[in-house]
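*Asks:* Supplied in structure tokens, the structure appears directly below.
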Amino acid sequence: MVDERAFFDNFAAVLGGADRARMQPFIADGAPLSRLDAHSNNFAMTCIAALSSTFKVVRTLVGDEYFTALARAYIQKTPPEHSSLTFYGAGFAQFLRSFEPAQKQVPYIAPIASLDWAWFRAYQAADEPALSGQDLQGVAPQLLPTRAPGLHASVQLLRFSIPAYSLWKINAGNEENPDPVDMNGGREWAVIWRQNNQVQHTALSQAEYNFLDAIGFGRSFAEGWTDAIRHDAHFDLKEQFSRWLVAGVFKGEKND
């Protein structure tokens with residue numbers, strides 16, 4: 001009697017790139033193991049297509065052939081755990097950080113993958129209201145700094161030791177004749193979020209990043225300002241509050 005659990009465990013392993021000899025105990029005598037290659041190839045191509053649709057800028061920068069090689073290595077190390085591939089690739093950026101060939105040949109690619117994944121997460125985030133001026137009607141102006149709304153579910157904050165956002169931005173859009181990116185340009189900060197069903201993104205200063213990061217951790221606007229002025233003594237809380245309120249990055253109040 002065939003052990004179904006063992007059959008499916010081994011079949012899944014072979015689909016992920018393991019030695020097909022693992023399926024020998026489950027194959028009829030005389031049947032060639034090479035028949036499994038069609039299943040393995042179909043599985044790999046489906047996973048590669050899913051990764052390709054999410055990590056578009058990574059694919060643009062390294063080319064289709066190199067991207068396919070990276071994807072195959074990732075699939076073998078981290079095969080899908082769910083029947084749906086919609087969210088497959090959550091660990092791709094981390095994989096690239098530890099994958100030696102990528103680190104030697106394209107050391108900037110892991111941060112780019114982080115940005116692609118952040119864009120995807122912003123796009124797929126829960127549909128919840130953003131804080132609006134109407135939510136704040138009746139709140140005394142002197143009490144506004146004490147508010148701690150948190151960040152909208154779509155907001156993704158990122159920081160890099162290299163100009164990863166600049167490189168990602170010019171390859172994510174349709175900019176004509178963009179200025180070349182100096183990869184020795186130092187650190188960068190960025191935010192990606194969704195507003196009115198459109199994914200938005202922009203560069204941040206370190207002070208802006210710290211301000212939004214504090215809000216994201218449930219701290220008040222005043223506490224965020226305290227963090228921000230450590231990097232920019234002229235950080236204007238009123239101006240920044242207005243900017244990000246209009247942008248829709250603060251979590252709104254639910255109407256129950």
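So you can find residues: chains in the structure tokens are A, B, ... in the order shown, residues in each start at 1, and ligands are numbered from 1 in order.
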Please provide the set of residues having any atom within 8 Å of region 236-248 of chain A, restricted to only C-alpha atoms, with same-chain residues fewer than 4 positions apart removed, written as a ChimeraX atom specification.
*Replies:* /A:130-133,152,195,221-222,225
*Asks:* Write out as a list of chain:residue names which residues come within 12 Å of Pro178 (chain A) when counting only C-alpha atoms, dropping same-chain ones fewer than 4 positions away.
*Replies:*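 So, after excluding close chain neighbours, the residues are A:Ser166, A:Leu167, A:Trp168, A:Lys169, A:Ile170, A:Asn171, A:Ala172, A:Gly173, A:Asn174.
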*Asks:* Which residues come within 12 Å of Val62 (chain A), counting only C-alpha atoms, excluding same-chain residues fewer than 4 positions away, as a list in words?
*Replies:*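 Here the qualifying residues turn out to be Ser52, Phe55, Lys56, Val57, Val58, Tyr66, Phe67, Thr68, Ala69, Leu70, Ala71, Ala102, Gln105, Val106, Pro107, Tyr108, Ile109, Ala110, Ile112, Ala113 and Asn171 of chain A.
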*Asks:* Enter the distance from CA of Ala93 (chain A) to CA of Pro111 (chain A), in Å, rounded to one decimal.
*Replies:* 6.9 Å
*Asks:* Just the strand (DSSP E or B) stuff from region 119-192 of chain A, please, per backbone DSSP, written as a list in words.
*Replies:*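 Matching residues, listed in order: Ala130, Leu151, Gln156, Leu157, Leu158, Arg159, Phe160, Glu188, Trp189, Ala190, Val191 and Ile192 of chain A.
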*Asks:* So how far away is CA of Phe235 (chain A) from CA of Ala214 (chain A), in Å?
*Replies:* 14.5 Å
*Asks:* Quick one: everything within 9 Å of Pro163 (chain A), counting only C-alpha atoms, minus sequence neighbours fewer than 5 positions away in the same chain. Send it as a count of residues only.
*Replies:* 10
*Asks:* Which residue, A:Ala122, A:Glu65, A:Thr46, A:Val191, has the smallest gap to Pro80 (chain A) when you use only C-alpha atoms?
*Replies:* A:Thr46
*Asks:* Which distance in Å separates CA of Lys251 (chain A) and CA of Pro149 (chain A), to one decimal?
*Replies:*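 Interatomic distance, CA of Lys251 (chain A) to CA of Pro149 (chain A): 5.6 Å.
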*Asks:* Pick out the residues sitting within 7 Å of Ile192 (chain A), and hand them over as a count of residues only; count only C-alpha atoms, and ignore anything fewer than 2 positions along from it in its own chain.
*Replies:* 10
